[in-house]
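As stored in run.csv (CSV, C-alpha atoms and all ligand atoms):
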chain,number,residue,atom,x,y,z
A,83,MET,CA,21.0,-11.6,-15.0
A,84,LYS,CA,22.0,-9.6,-18.0
A,85,SER,CA,20.3,-12.0,-20.4
A,86,LYS,CA,17.2,-12.2,-18.1
A,87,ILE,CA,16.9,-8.4,-18.2
A,88,THR,CA,17.4,-8.3,-22.0
A,89,GLN,CA,14.7,-11.0,-22.6
A,90,THR,CA,12.3,-9.3,-20.2
A,91,PHE,CA,12.9,-6.0,-22.0
A,92,GLN,CA,12.3,-7.5,-25.4
A,93,ARG,CA,9.1,-9.2,-24.3
A,94,HIS,CA,7.7,-6.3,-22.4
A,95,PHE,CA,8.8,-3.3,-24.4
A,96,GLU,CA,9.7,-4.8,-27.8
A,97,ALA,CA,13.1,-3.0,-28.0
A,98,GLU,CA,16.8,-3.6,-27.4
A,99,PRO,CA,18.0,-2.0,-24.1
A,100,LEU,CA,21.3,-0.5,-23.2
A,101,MET,CA,22.6,-2.2,-20.1
A,102,VAL,CA,24.4,-1.0,-17.0
A,103,PHE,CA,25.4,-2.5,-13.7
A,104,ALA,CA,26.2,-1.0,-10.3
A,105,PRO,CA,27.3,-3.0,-7.3
A,106,GLY,CA,26.4,-3.1,-3.6
A,107,ARG,CA,29.2,-2.4,-1.1
A,108,ILE,CA,30.8,-3.7,2.1
A,109,ASN,CA,32.5,-1.4,4.5
A,110,LEU,CA,35.7,-2.9,6.1
A,111,ILE,CA,35.7,-0.2,8.8
A,112,GLY,CA,34.7,3.4,9.4
A,113,GLU,CA,31.0,3.3,10.4
A,114,HIS,CA,28.9,6.4,11.1
A,115,THR,CA,31.8,8.6,10.2
A,116,ASP,CA,30.8,9.7,6.6
A,117,TYR,CA,28.3,12.3,7.6
A,118,GLN,CA,30.9,13.9,9.9
A,119,GLU,CA,33.2,14.3,6.8
A,120,GLY,CA,35.3,11.5,8.3
A,121,PHE,CA,37.1,8.5,6.9
A,122,VAL,CA,35.6,5.2,5.6
A,123,PHE,CA,37.1,2.1,4.0
A,124,PRO,CA,34.5,0.5,1.8
A,125,ALA,CA,34.7,-1.8,-1.3
A,126,ALA,CA,32.3,-2.7,-4.0
A,127,VAL,CA,31.0,-6.3,-4.1
A,128,THR,CA,30.2,-8.5,-7.1
A,129,GLN,CA,26.5,-8.5,-6.4
A,130,GLY,CA,24.5,-5.6,-7.6
A,131,ILE,CA,21.7,-4.1,-9.7
A,132,TRP,CA,21.4,-4.4,-13.5
A,133,VAL,CA,19.3,-1.9,-15.5
A,134,GLY,CA,18.2,-2.2,-19.1
A,135,ILE,CA,17.0,1.1,-20.6
A,136,ALA,CA,15.8,2.5,-24.0
A,137,LYS,CA,14.1,5.7,-25.1
A,138,ASN,CA,10.4,5.3,-26.0
A,139,LYS,CA,8.1,7.4,-28.1
A,140,LEU,CA,5.3,7.5,-25.5
A,141,THR,CA,4.1,10.2,-23.2
A,142,VAL,CA,5.1,8.3,-20.1
A,143,CYS,CA,8.1,6.4,-18.7
A,144,ARG,CA,7.6,2.7,-18.0
A,145,ALA,CA,9.6,0.7,-15.5
A,146,TYR,CA,9.5,-3.0,-14.7
A,147,SER,CA,11.0,-4.6,-11.6
A,148,LEU,CA,12.0,-8.2,-12.0
A,149,ASP,CA,12.0,-8.7,-8.2
A,150,PHE,CA,8.5,-7.4,-7.8
A,151,GLU,CA,7.3,-8.6,-11.2
A,152,GLN,CA,5.5,-5.3,-11.5
A,153,GLU,CA,5.3,-2.5,-14.0
A,154,PHE,CA,5.1,1.2,-12.9
A,155,CYS,CA,4.3,4.1,-15.2
A,156,PHE,CA,5.0,7.8,-14.5
A,157,GLU,CA,5.2,11.1,-16.2
A,158,LEU,CA,8.4,13.1,-16.1
A,159,ASN,CA,6.6,16.4,-15.4
A,160,SER,CA,4.3,15.1,-12.6
A,161,MET,CA,6.1,12.5,-10.5
A,162,SER,CA,4.5,11.4,-7.3
A,163,PRO,CA,7.0,9.3,-5.3
A,164,LYS,CA,5.6,7.1,-2.6
A,165,LYS,CA,7.9,6.3,0.3
A,166,GLY,CA,8.8,2.7,0.4
A,167,HIS,CA,7.9,1.9,-3.2
A,168,TRP,CA,10.7,0.6,-5.5
A,169,ALA,CA,9.8,3.1,-8.3
A,170,THR,CA,10.4,6.0,-5.9
A,171,TYR,CA,14.2,5.5,-6.4
A,172,ILE,CA,13.7,6.0,-10.1
A,173,MET,CA,11.7,9.1,-9.7
A,174,GLY,CA,14.2,10.3,-7.1
A,175,ILE,CA,17.1,10.1,-9.6
A,176,CYS,CA,15.0,11.7,-12.4
A,177,THR,CA,14.3,14.6,-10.1
A,178,GLN,CA,18.0,15.1,-9.3
A,179,PHE,CA,18.7,15.1,-13.1
A,180,HIS,CA,16.0,17.6,-13.7
A,181,GLN,CA,17.2,19.9,-10.9
A,182,ALA,CA,20.8,19.7,-12.3
A,183,GLY,CA,19.5,20.8,-15.7
A,184,TYR,CA,19.8,17.5,-17.6
A,185,PRO,CA,16.8,17.3,-20.1
A,186,LEU,CA,15.2,13.8,-19.9
A,187,GLU,CA,12.9,12.3,-22.5
A,188,ASN,CA,10.6,9.3,-21.9
A,189,PHE,CA,12.2,5.9,-21.5
A,190,ASP,CA,11.4,2.3,-20.6
A,191,LEU,CA,13.5,0.3,-18.2
A,192,VAL,CA,13.8,-3.1,-16.6
A,193,LEU,CA,15.7,-3.6,-13.4
A,194,GLY,CA,16.8,-6.6,-11.4
A,195,GLY,CA,19.5,-7.6,-9.0
A,196,ASP,CA,21.1,-10.2,-6.7
A,197,ILE,CA,21.7,-8.2,-3.5
A,198,PRO,CA,19.8,-9.3,-0.5
A,199,VAL,CA,17.5,-6.3,0.5
A,200,GLY,CA,17.9,-5.2,4.1
A,201,GLY,CA,21.2,-7.0,4.5
A,202,GLY,CA,23.3,-3.9,4.8
A,203,LEU,CA,25.0,-4.3,1.3
A,204,SER,CA,23.3,-1.1,0.2
A,205,SER,CA,21.0,-2.3,-2.5
A,206,SER,CA,19.4,1.2,-2.6
A,207,ALA,CA,22.7,2.9,-3.4
A,208,ALA,CA,23.3,0.3,-6.1
A,209,LEU,CA,19.9,1.0,-7.5
A,210,SER,CA,20.3,4.7,-7.5
A,211,VAL,CA,23.8,4.7,-9.0
A,212,SER,CA,22.7,2.2,-11.7
A,213,LEU,CA,19.7,4.3,-12.6
A,214,GLY,CA,21.9,7.5,-12.8
A,215,LEU,CA,24.4,5.8,-15.0
A,216,ALA,CA,21.7,4.3,-17.2
A,217,LEU,CA,20.2,7.8,-17.8
A,218,SER,CA,23.6,9.3,-18.3
A,219,GLU,CA,24.5,6.7,-20.9
A,220,LEU,CA,21.1,6.7,-22.6
A,221,PHE,CA,21.1,10.5,-23.2
A,222,ALA,CA,24.9,10.9,-23.5
A,223,PHE,CA,25.2,13.3,-20.6
A,224,HIS,CA,28.7,12.0,-19.7
A,225,ILE,CA,28.1,12.7,-16.0
A,226,PRO,CA,31.2,12.3,-13.8
A,227,LYS,CA,30.9,9.4,-11.3
A,228,LYS,CA,31.3,11.7,-8.4
A,229,ASN,CA,28.2,13.6,-9.4
A,230,LEU,CA,26.3,10.3,-9.9
A,231,ALA,CA,27.2,9.4,-6.3
A,232,LEU,CA,26.0,12.8,-5.1
A,233,TYR,CA,22.7,12.6,-6.9
A,234,ALA,CA,22.1,9.1,-5.5
A,235,GLN,CA,22.8,10.4,-2.0
A,236,LYS,CA,20.5,13.3,-2.4
A,237,SER,CA,17.8,11.2,-3.9
A,238,GLU,CA,17.9,8.7,-1.0
A,239,GLN,CA,17.9,11.6,1.6
A,240,LEU,CA,14.8,13.2,0.0
A,241,PHE,CA,12.9,10.2,-1.1
A,242,ALA,CA,13.7,7.5,1.4
A,243,GLY,CA,13.9,9.9,4.4
A,244,VAL,CA,17.3,8.7,5.6
A,245,ASN,CA,19.8,11.5,6.0
A,246,CYS,CA,22.6,9.2,4.8
A,247,GLY,CA,26.2,10.0,3.9
A,248,ILE,CA,28.1,9.6,0.7
A,249,MET,CA,29.9,6.3,1.4
A,250,ASP,CA,27.4,3.8,-0.2
A,251,PRO,CA,26.9,5.4,-3.6
A,252,TYR,CA,30.6,6.5,-3.8
A,253,ALA,CA,31.7,2.9,-3.2
A,254,SER,CA,29.2,1.6,-5.8
A,255,ALA,CA,30.5,4.1,-8.3
A,256,PHE,CA,34.2,3.9,-7.7
A,257,GLY,CA,34.8,0.3,-6.7
A,258,LYS,CA,37.8,-1.7,-8.1
A,259,GLN,CA,38.2,-5.4,-8.2
A,260,GLY,CA,40.3,-6.6,-5.2
A,261,GLN,CA,40.7,-3.2,-3.7
A,262,ALA,CA,39.1,-1.3,-0.9
A,263,MET,CA,39.0,2.5,-1.0
A,264,LEU,CA,40.2,4.7,1.8
A,265,LEU,CA,37.8,7.6,1.3
A,266,ASP,CA,38.0,11.0,2.8
A,267,CYS,CA,34.4,12.1,3.0
A,268,ARG,CA,35.3,15.8,3.2
A,269,ASN,CA,37.1,16.3,-0.1
A,270,LEU,CA,35.7,13.1,-1.7
A,271,ASP,CA,39.1,11.8,-2.6
A,272,HIS,CA,40.1,8.2,-2.2
A,273,ARG,CA,43.1,5.9,-2.3
A,274,ASP,CA,42.8,2.3,-3.4
A,275,VAL,CA,44.3,-0.3,-1.1
A,276,PRO,CA,44.7,-3.9,-2.2
A,277,VAL,CA,42.8,-6.4,-0.1
A,278,ASP,CA,45.1,-9.4,0.2
A,279,LEU,CA,43.7,-11.6,2.9
A,280,GLY,CA,45.8,-14.8,2.3
A,281,ASP,CA,44.1,-17.7,3.9
A,282,TYR,CA,41.3,-15.6,5.2
A,283,GLY,CA,38.1,-14.4,3.5
A,284,LEU,CA,35.3,-11.9,4.1
A,285,LEU,CA,32.1,-13.5,5.1
A,286,LEU,CA,28.9,-11.7,6.0
A,287,ILE,CA,26.5,-13.2,8.4
A,288,HIS,CA,23.0,-11.8,7.8
A,289,SER,CA,21.1,-11.6,11.1
A,290,LYS,CA,17.8,-11.6,9.2
A,291,VAL,CA,16.6,-8.8,11.4
A,292,SER,CA,16.0,-5.2,10.4
A,293,HIS,CA,14.6,-3.2,13.3
A,294,SER,CA,12.0,-0.7,12.4
A,295,LEU,CA,13.6,2.2,14.3
A,296,ALA,CA,16.6,2.1,12.0
A,297,SER,CA,16.0,5.3,9.9
A,298,SER,CA,14.8,7.5,12.7
A,299,ALA,CA,17.6,6.4,15.0
A,300,TYR,CA,20.1,7.0,12.2
A,301,ASN,CA,18.9,10.5,11.8
A,302,GLN,CA,19.0,11.0,15.6
A,303,ARG,CA,22.6,9.8,15.7
A,304,ARG,CA,23.6,12.3,13.0
A,305,GLU,CA,21.9,15.1,14.9
A,306,ALA,CA,23.7,14.2,18.1
A,307,CYS,CA,27.0,14.6,16.3
A,308,GLU,CA,25.9,17.9,14.9
A,309,GLU,CA,24.9,19.1,18.3
A,310,SER,CA,28.3,18.1,19.7
A,311,VAL,CA,30.0,20.1,17.0
A,312,VAL,CA,28.0,23.3,18.0
A,313,ILE,CA,29.0,22.9,21.6
A,314,LEU,CA,32.7,22.0,20.9
A,315,LYS,CA,33.1,25.0,18.6
A,316,GLN,CA,33.2,27.3,21.6
A,317,ALA,CA,36.5,25.7,22.7
A,318,TYR,CA,37.6,24.6,19.2
A,319,PRO,CA,36.5,27.4,16.9
A,320,GLU,CA,38.4,25.9,13.9
A,321,ILE,CA,36.4,22.6,13.7
A,322,HIS,CA,33.7,22.0,11.1
A,323,THR,CA,32.9,18.4,12.1
A,324,LEU,CA,34.0,15.8,14.6
A,325,ARG,CA,36.5,14.6,12.0
A,326,ASP,CA,38.6,17.6,12.9
A,327,LEU,CA,39.3,16.3,16.4
A,328,GLU,CA,42.0,13.8,17.5
A,329,VAL,CA,42.0,10.9,19.9
A,330,SER,CA,44.2,13.1,22.2
A,331,ASP,CA,41.4,15.7,22.4
A,332,LEU,CA,39.0,13.2,24.0
A,333,PRO,CA,39.8,14.1,27.7
A,334,THR,CA,39.0,17.7,27.0
A,335,ILE,CA,35.9,16.8,24.9
A,336,LYS,CA,34.6,14.7,27.8
A,337,ARG,CA,34.6,17.7,30.1
A,338,LEU,CA,32.8,19.9,27.5
A,339,LEU,CA,30.0,17.6,26.3
A,340,PRO,CA,27.0,16.4,28.2
A,341,GLU,CA,27.1,12.7,29.2
A,342,THR,CA,24.6,11.7,26.6
A,343,LEU,CA,26.6,13.2,23.7
A,344,PHE,CA,30.2,12.4,24.6
A,345,PRO,CA,30.1,8.6,23.8
A,346,LYS,CA,28.7,9.4,20.3
A,347,ALA,CA,31.5,11.9,19.6
A,348,LYS,CA,34.1,9.5,21.0
A,349,HIS,CA,32.9,6.9,18.6
A,350,VAL,CA,33.4,9.1,15.5
A,351,VAL,CA,36.8,10.3,16.6
A,352,THR,CA,38.1,6.8,17.5
A,353,GLU,CA,36.6,5.2,14.5
A,354,CYS,CA,38.3,7.7,12.1
A,355,ALA,CA,41.6,6.7,13.8
A,356,ARG,CA,40.8,3.0,13.3
A,357,VAL,CA,40.2,3.5,9.6
A,358,HIS,CA,43.8,4.7,9.1
A,359,GLN,CA,45.2,2.0,11.4
A,360,ALA,CA,43.3,-0.7,9.5
A,361,ALA,CA,44.4,0.5,6.1
A,362,GLU,CA,48.0,0.5,7.3
A,363,ALA,CA,47.7,-2.9,8.9
A,364,LEU,CA,46.1,-4.3,5.7
A,365,GLN,CA,49.0,-2.9,3.6
A,366,LEU,CA,51.5,-4.5,5.9
A,367,GLY,CA,49.6,-7.8,5.8
A,368,ASN,CA,49.0,-7.7,9.5
A,369,LEU,CA,45.6,-9.4,9.5
A,370,SER,CA,45.4,-10.0,13.2
A,371,GLU,CA,45.7,-6.3,13.7
A,372,VAL,CA,42.9,-5.7,11.2
A,373,GLY,CA,40.8,-8.3,13.1
A,374,ARG,CA,41.5,-6.5,16.4
A,375,LEU,CA,40.4,-3.2,14.9
A,376,LEU,CA,37.2,-4.8,13.6
A,377,GLN,CA,36.4,-5.9,17.1
A,378,ALA,CA,37.2,-2.5,18.6
A,379,SER,CA,34.9,-0.9,16.0
A,380,HIS,CA,32.0,-3.3,16.9
A,381,GLN,CA,32.5,-2.5,20.6
A,382,SER,CA,32.4,1.2,19.9
A,383,LEU,CA,29.3,1.0,17.7
A,384,ARG,CA,27.6,-1.2,20.4
A,385,ASP,CA,28.6,0.7,23.6
A,386,ASP,CA,29.3,4.3,22.5
A,387,PHE,CA,27.3,4.9,19.4
A,388,GLU,CA,24.5,2.5,20.3
A,389,VAL,CA,23.5,1.3,16.9
A,390,SER,CA,23.9,-2.4,17.3
A,391,CYS,CA,21.2,-4.9,18.5
A,392,VAL,CA,21.0,-8.1,20.5
A,393,GLU,CA,21.1,-10.3,17.4
A,394,LEU,CA,24.3,-8.7,16.0
A,395,ASP,CA,25.9,-8.6,19.5
A,396,PHE,CA,25.2,-12.3,19.9
A,397,LEU,CA,26.8,-13.2,16.6
A,398,ALA,CA,29.8,-11.0,17.4
A,399,LYS,CA,30.2,-12.7,20.7
A,400,GLN,CA,30.1,-16.1,19.0
A,401,THR,CA,32.9,-15.1,16.7
A,402,GLU,CA,35.1,-14.2,19.7
A,403,LYS,CA,35.0,-17.8,20.9
A,404,THR,CA,36.8,-19.2,17.9
A,405,LYS,CA,40.3,-18.8,16.4
A,406,THR,CA,38.7,-19.3,13.0
A,407,VAL,CA,37.7,-15.6,13.0
A,408,LEU,CA,40.3,-12.8,13.3
A,409,GLY,CA,37.6,-10.2,13.9
A,410,ALA,CA,34.0,-9.2,13.3
A,411,ARG,CA,31.8,-6.2,13.5
A,412,MET,CA,28.3,-5.0,12.5
A,413,MET,CA,28.3,-3.3,9.2
A,414,GLY,CA,26.3,-0.4,7.8
A,415,GLY,CA,23.7,1.7,9.6
A,416,GLY,CA,23.0,-0.9,12.3
A,417,PHE,CA,19.9,-2.2,14.1
A,418,GLY,CA,20.1,-5.3,12.1
A,419,GLY,CA,21.6,-6.4,8.8
A,420,CYS,CA,25.0,-8.1,8.6
A,421,LEU,CA,28.0,-8.9,10.7
A,422,LEU,CA,31.2,-8.7,8.7
A,423,THR,CA,33.7,-11.4,9.7
A,424,LEU,CA,37.3,-12.1,8.7
A,425,VAL,CA,37.3,-15.8,8.6
A,426,LYS,CA,39.9,-18.6,7.9
A,427,GLN,CA,38.6,-20.0,4.6
A,428,GLN,CA,39.5,-23.6,5.2
A,429,GLU,CA,37.5,-23.7,8.4
A,430,SER,CA,34.7,-21.6,7.3
A,431,GLN,CA,32.1,-24.4,6.8
A,432,ILE,CA,32.5,-25.7,10.4
A,433,PHE,CA,32.3,-22.1,11.6
A,434,LYS,CA,29.1,-21.5,9.7
A,435,ASP,CA,27.5,-24.7,11.0
A,436,GLN,CA,28.4,-23.8,14.6
A,437,ILE,CA,27.2,-20.3,14.4
A,438,GLN,CA,23.9,-21.2,12.6
A,439,ALA,CA,23.1,-23.8,15.3
A,440,ALA,CA,23.8,-21.3,18.1
A,441,TYR,CA,21.8,-18.5,16.4
A,442,GLU,CA,18.8,-20.8,15.7
A,443,LYS,CA,18.8,-21.9,19.3
A,444,GLU,CA,18.9,-18.4,20.7
A,445,PHE,CA,16.5,-16.6,18.3
A,446,GLN,CA,14.7,-19.3,16.3
A,447,LEU,CA,16.0,-17.6,13.2
A,448,THR,CA,18.3,-19.0,10.5
A,449,PRO,CA,21.1,-16.6,9.5
A,450,ALA,CA,22.2,-16.3,5.9
A,451,PHE,CA,25.9,-16.4,4.9
A,452,ILE,CA,27.1,-14.3,2.1
A,453,GLU,CA,30.7,-14.8,0.8
A,454,VAL,CA,32.1,-11.5,-0.4
A,455,ALA,CA,34.3,-11.0,-3.4
A,456,ILE,CA,35.4,-7.4,-4.1
A,457,GLY,CA,34.4,-6.3,-7.6
A,458,ASP,CA,34.4,-3.3,-9.9
A,459,GLY,CA,32.2,-0.3,-9.6
A,460,ALA,CA,29.4,0.9,-11.8
A,461,ARG,CA,29.8,0.4,-15.5
A,462,LYS,CA,28.1,-0.1,-18.9
A,463,ILE,CA,28.0,-3.7,-19.9
X,501,LIG,C1,24.3,3.7,6.0
X,501,LIG,C2,24.4,5.1,5.3
X,501,LIG,C3,25.9,5.5,5.1
X,501,LIG,C4,26.7,5.4,6.4
X,501,LIG,C5,26.4,4.1,7.1
X,501,LIG,C6,27.0,4.0,8.5
X,501,LIG,O1,24.8,2.7,5.2
X,501,LIG,O2,23.8,5.0,4.0
X,501,LIG,O3,26.0,6.8,4.5
X,501,LIG,O4,26.4,6.5,7.2
X,501,LIG,O5,25.0,3.8,7.2
X,501,LIG,O6,28.4,4.0,8.4
Give the structure from the file, written as structure tokens.
Ligand code: GLA
Amino acid sequence: MKSKITQTFQRHFEAEPLMVFAPGRINLIGEHTDYQEGFVFPAAVTQGIWVGIAKNKLTVCRAYSLDFEQEFCFELNSMSPKKGHWATYIMGICTQFHQAGYPLENFDLVLGGDIPVGGGLSSSAALSVSLGLALSELFAFHIPKKNLALYAQKSEQLFAGVNCGIMDPYASAFGKQGQAMLLDCRNLDHRDVPVDLGDYGLLLIHSKVSHSLASSAYNQRREACEESVVILKQAYPEIHTLRDLEVSDLPTIKRLLPETLFPKAKHVVTECARVHQAAEALQLGNLSEVGRLLQASHQSLRDDFEVSCVELDFLAKQTEKTKTVLGARMMGGGFGGCLLTLVKQQESQIFKDQIQAAYEKEFQLTPAFIEVAIGDGARKI
């Protein structure tokens, strides 16, 4: 990909680019907890987005997308982002830099990647982080990675209309090969935990569906959590978010919250507890416990938080029928995308064949399988 970008750059813009890479991410466990300042357990993957960039002497910036085979020009002082357009992410990051007081000059860039879009590997965070790093390197701003992650989050919130949390860009920025990060989304501090899975591996099953309600439902879930906090503050004045509550508080919370809100709050509280349990089990090499926790997470996302969908539930059910899989759960925002599975590597091919046949029969859709290797975070290359 690096040489492809360099060649395209030379052909298109007749210059030598500076190159950066930012990866996509998986999340082992801790879903829909980041925007409640809770705990998550993501890791960067080896797939990601590459950006080649160089200053130009024109009055516009030019961007070329390898995936769309399209060029887009814009002026730094009159950007007009269009929702859904790939170049929106570029203008989103430029806007963040502008607001933070970093003076940009016109540039050319080429971008390309190998992350399946819509698969829940957070290609958009990888794109935003790689763009931020590219600009920081090109203009020697030396922006700390934490700030790059925050700009990426803000840009996605403003320009993609999803009120997302910090997990995805943080994981893309801070990933380390072979390690997952136990991230506290309140103080943005993390601890690396080695992911040693022995005979097992991480396999994503892409459902190939991405339901259109995803972004509005995501924002509604976030609002439901915020509403619960307002109500619960009367009895628990010291809390800021649901993260401040314990599993032992659940019986009391149940009495205080309306029936519609309680399951959502319960998910956040129990999921935060599962993150710590999973990190501990992983460190102890207790993979069956990790598997059990993945399954519990899926159930909670399905029944309490209600962000799964029939296709993901079907795939999850299939994995329960086989000893090849220790545990599985939907990953990311939900309503489509991928199921993360902890699968015995030696038997993985038979498992894939079986699940593909069952899924095709049920939905007339062929799932995609993505083997995951945990890689390093954003970097100049
Ligand atoms: C999306 C968001 C993240 C996080 C997950 C759910 O990936 O971008 O911030 O909220 O959903 O855990």
Taking all atoms listed in the file and a cut-off of 9 Å, can you tell me which residues surround ligand LIG 501 (chain X), written as JSON, numbers by chain? {"A": [109, 111, 112, 113, 114, 115, 116, 117, 122, 202, 203, 204, 206, 207, 235, 238, 244, 245, 246, 247, 248, 249, 250, 251, 300, 304, 413, 414, 415, 416]}
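By only C-alpha atoms, and with residues fewer than 2 positions from stretch 263-266 of chain A along its chain excluded, the set lying at most 7 Å from it is Gly120, Phe121, Val122, Phe123, Pro124, Ala125, Gln261, Arg268, Asn269, Leu270, Asp271, His272, Arg273, Asp274 and Val275 of chain A.
Environment of (33.0, -3.9, -12.4): residues at most 8 Å away, judged by only C-alpha atoms, are A:Phe103, A:Ala104, A:Pro105, A:Thr128, A:Gly257, A:Lys258, A:Gln259, A:Gly457, A:Asp458, A:Gly459, A:Ala460, A:Arg461.
All residues of protein, DNA or RNA that reach within 12 Å of A:Glu308, judged by all atoms listed in the file and not counting those fewer than 6 positions away in the chain, are A:Thr115, A:Tyr117, A:Gln118, A:Glu119, A:Asn301, A:Gln302, A:Leu314, A:Lys315, A:Ile321, A:His322, A:Thr323, A:Leu324, A:Arg325, A:Leu343, A:Phe344, A:Lys346, A:Ala347, A:Val350.
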I want to know what sits within 10 Å of stretch 428-432 of chain A, based on all atoms listed in the file, with residues of the same chain fewer than 5 positions away left out; could you give that as a list of chain:residue names? A:Asp281, A:Tyr282, A:Gly283, A:Leu285, A:Lys405, A:Thr406, A:Val407, A:Ile437, A:Gln438
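Among A:Leu215, A:Leu110, A:Val311, A:Ala169, the residue with the shortest atom-to-atom distance to A:Gly373, counting only C-alpha atoms, is A:Leu110.
Note that the spacing between atom CA of A:Gly130 and atom CA of A:Asp196 amounts to 5.8 Å.
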Around the point (34.0, -18.3, 14.5) in the file's coordinates, collect all residues with an atom within 12 Å, using only C-alpha atoms, and return them as a PyMOL selection string. chain A and resi 285-287+396-410+421-427+429-438+440
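Put simply, atom CA of A:Asp331 is 10.7 Å away from atom CA of A:Thr352.
Residue nearest A:Ser330, chosen from A:Leu284, A:Ser310, A:Thr342, A:Val351 and counting all atoms listed in the file: A:Val351.
Interatomic distance, atom CA of A:Pro319 to atom CA of A:Pro333: 17.4 Å.
Between A:His94 and the candidates A:Asp278, A:Glu353, A:Asp190, A:Glu157, the tightest atom-to-atom separation, counting only C-alpha atoms, involves A:Asp190.
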Could you list, as a count of residues only, every residue within 12 Å of A:Leu217, counting only C-alpha atoms and ignoring same-chain residues fewer than 3 positions away? 38
Nearest-residue call for A:Lys290, choices A:Glu309, A:Glu153, A:Glu320, A:Glu442, using all atoms listed in the file: A:Glu442
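Nearest-residue note for A:Ser85: choosing from A:Ser162, A:Val192, A:Pro340, A:Val142, the minimum distance belongs to A:Val192, counting all atoms listed in the file.
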I'd like the contact shell of A:Thr90 - 10 Å cut-off, all atoms listed in the file, skipping same-chain residues fewer than 2 positions apart - returned as an MDAnalysis selection string. chainID A and resid 84:88 92:96 134 146:148 191:193
Take the residues from that selection and write them out as a short mmCIF file (atom, residue, chain, number, x, y, z; two decimals), in the frame of the given file, keeping C-alpha atoms.
data_model
loop_
_atom_site.label_atom_id
_atom_site.label_comp_id
_atom_site.auth_asym_id
_atom_site.auth_seq_id
_atom_site.Cartn_x
_atom_site.Cartn_y
_atom_site.Cartn_z
CA LYS A 84 22.00 -9.60 -18.00
CA SER A 85 20.30 -12.00 -20.40
CA LYS A 86 17.20 -12.20 -18.10
CA ILE A 87 16.90 -8.40 -18.20
CA THR A 88 17.40 -8.30 -22.00
CA GLN A 92 12.30 -7.50 -25.40
CA ARG A 93 9.10 -9.20 -24.30
CA HIS A 94 7.70 -6.30 -22.40
CA PHE A 95 8.80 -3.30 -24.40
CA GLU A 96 9.70 -4.80 -27.80
CA GLY A 134 18.20 -2.20 -19.10
CA TYR A 146 9.50 -3.00 -14.70
CA SER A 147 11.00 -4.60 -11.60
CA LEU A 148 12.00 -8.20 -12.00
CA LEU A 191 13.50 0.30 -18.20
CA VAL A 192 13.80 -3.10 -16.60
CA LEU A 193 15.70 -3.60 -13.40
#
Can you give me N, CA, C and O atoms for stretch 395-404 of chain A, written as a PDB file, keeping the file's coordinate frame?
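Below you can see out32.pdb, which holds the result:
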ATOM      1  N   ASP A 395      24.979  -8.478  18.351  1.00  0.00           N
ATOM      2  CA  ASP A 395      25.900  -8.600  19.500  1.00  0.00           C
ATOM      3  C   ASP A 395      26.125 -10.129  19.790  1.00  0.00           C
ATOM      4  O   ASP A 395      27.230 -10.556  20.105  1.00  0.00           O
ATOM      5  N   PHE A 396      25.047 -10.884  19.682  1.00  0.00           N
ATOM      6  CA  PHE A 396      25.200 -12.300  19.900  1.00  0.00           C
ATOM      7  C   PHE A 396      26.111 -12.948  18.891  1.00  0.00           C
ATOM      8  O   PHE A 396      27.022 -13.688  19.234  1.00  0.00           O
ATOM      9  N   LEU A 397      25.902 -12.609  17.627  1.00  0.00           N
ATOM     10  CA  LEU A 397      26.800 -13.200  16.600  1.00  0.00           C
ATOM     11  C   LEU A 397      28.217 -12.743  16.783  1.00  0.00           C
ATOM     12  O   LEU A 397      29.140 -13.556  16.654  1.00  0.00           O
ATOM     13  N   ALA A 398      28.417 -11.482  17.146  1.00  0.00           N
ATOM     14  CA  ALA A 398      29.800 -11.000  17.400  1.00  0.00           C
ATOM     15  C   ALA A 398      30.438 -11.761  18.517  1.00  0.00           C
ATOM     16  O   ALA A 398      31.609 -12.144  18.439  1.00  0.00           O
ATOM     17  N   LYS A 399      29.670 -12.012  19.573  1.00  0.00           N
ATOM     18  CA  LYS A 399      30.200 -12.700  20.700  1.00  0.00           C
ATOM     19  C   LYS A 399      30.618 -14.157  20.329  1.00  0.00           C
ATOM     20  O   LYS A 399      31.665 -14.668  20.753  1.00  0.00           O
ATOM     21  N   GLN A 400      29.792 -14.790  19.490  1.00  0.00           N
ATOM     22  CA  GLN A 400      30.100 -16.100  19.000  1.00  0.00           C
ATOM     23  C   GLN A 400      31.456 -16.171  18.312  1.00  0.00           C
ATOM     24  O   GLN A 400      32.241 -17.097  18.457  1.00  0.00           O
ATOM     25  N   THR A 401      31.708 -15.130  17.508  1.00  0.00           N
ATOM     26  CA  THR A 401      32.900 -15.100  16.700  1.00  0.00           C
ATOM     27  C   THR A 401      34.169 -14.978  17.632  1.00  0.00           C
ATOM     28  O   THR A 401      35.258 -15.387  17.264  1.00  0.00           O
ATOM     29  N   GLU A 402      33.947 -14.385  18.812  1.00  0.00           N
ATOM     30  CA  GLU A 402      35.100 -14.200  19.700  1.00  0.00           C
ATOM     31  C   GLU A 402      35.529 -15.518  20.336  1.00  0.00           C
ATOM     32  O   GLU A 402      36.631 -15.638  20.854  1.00  0.00           O
ATOM     33  N   LYS A 403      34.641 -16.527  20.280  1.00  0.00           N
ATOM     34  CA  LYS A 403      35.000 -17.800  20.900  1.00  0.00           C
ATOM     35  C   LYS A 403      35.831 -18.700  20.041  1.00  0.00           C
ATOM     36  O   LYS A 403      36.221 -19.780  20.447  1.00  0.00           O
ATOM     37  N   THR A 404      36.048 -18.302  18.788  1.00  0.00           N
ATOM     38  CA  THR A 404      36.800 -19.200  17.900  1.00  0.00           C
ATOM     39  C   THR A 404      38.002 -18.522  17.262  1.00  0.00           C
ATOM     40  O   THR A 404      37.975 -17.319  16.969  1.00  0.00           O
TER      41      THR A 404
END
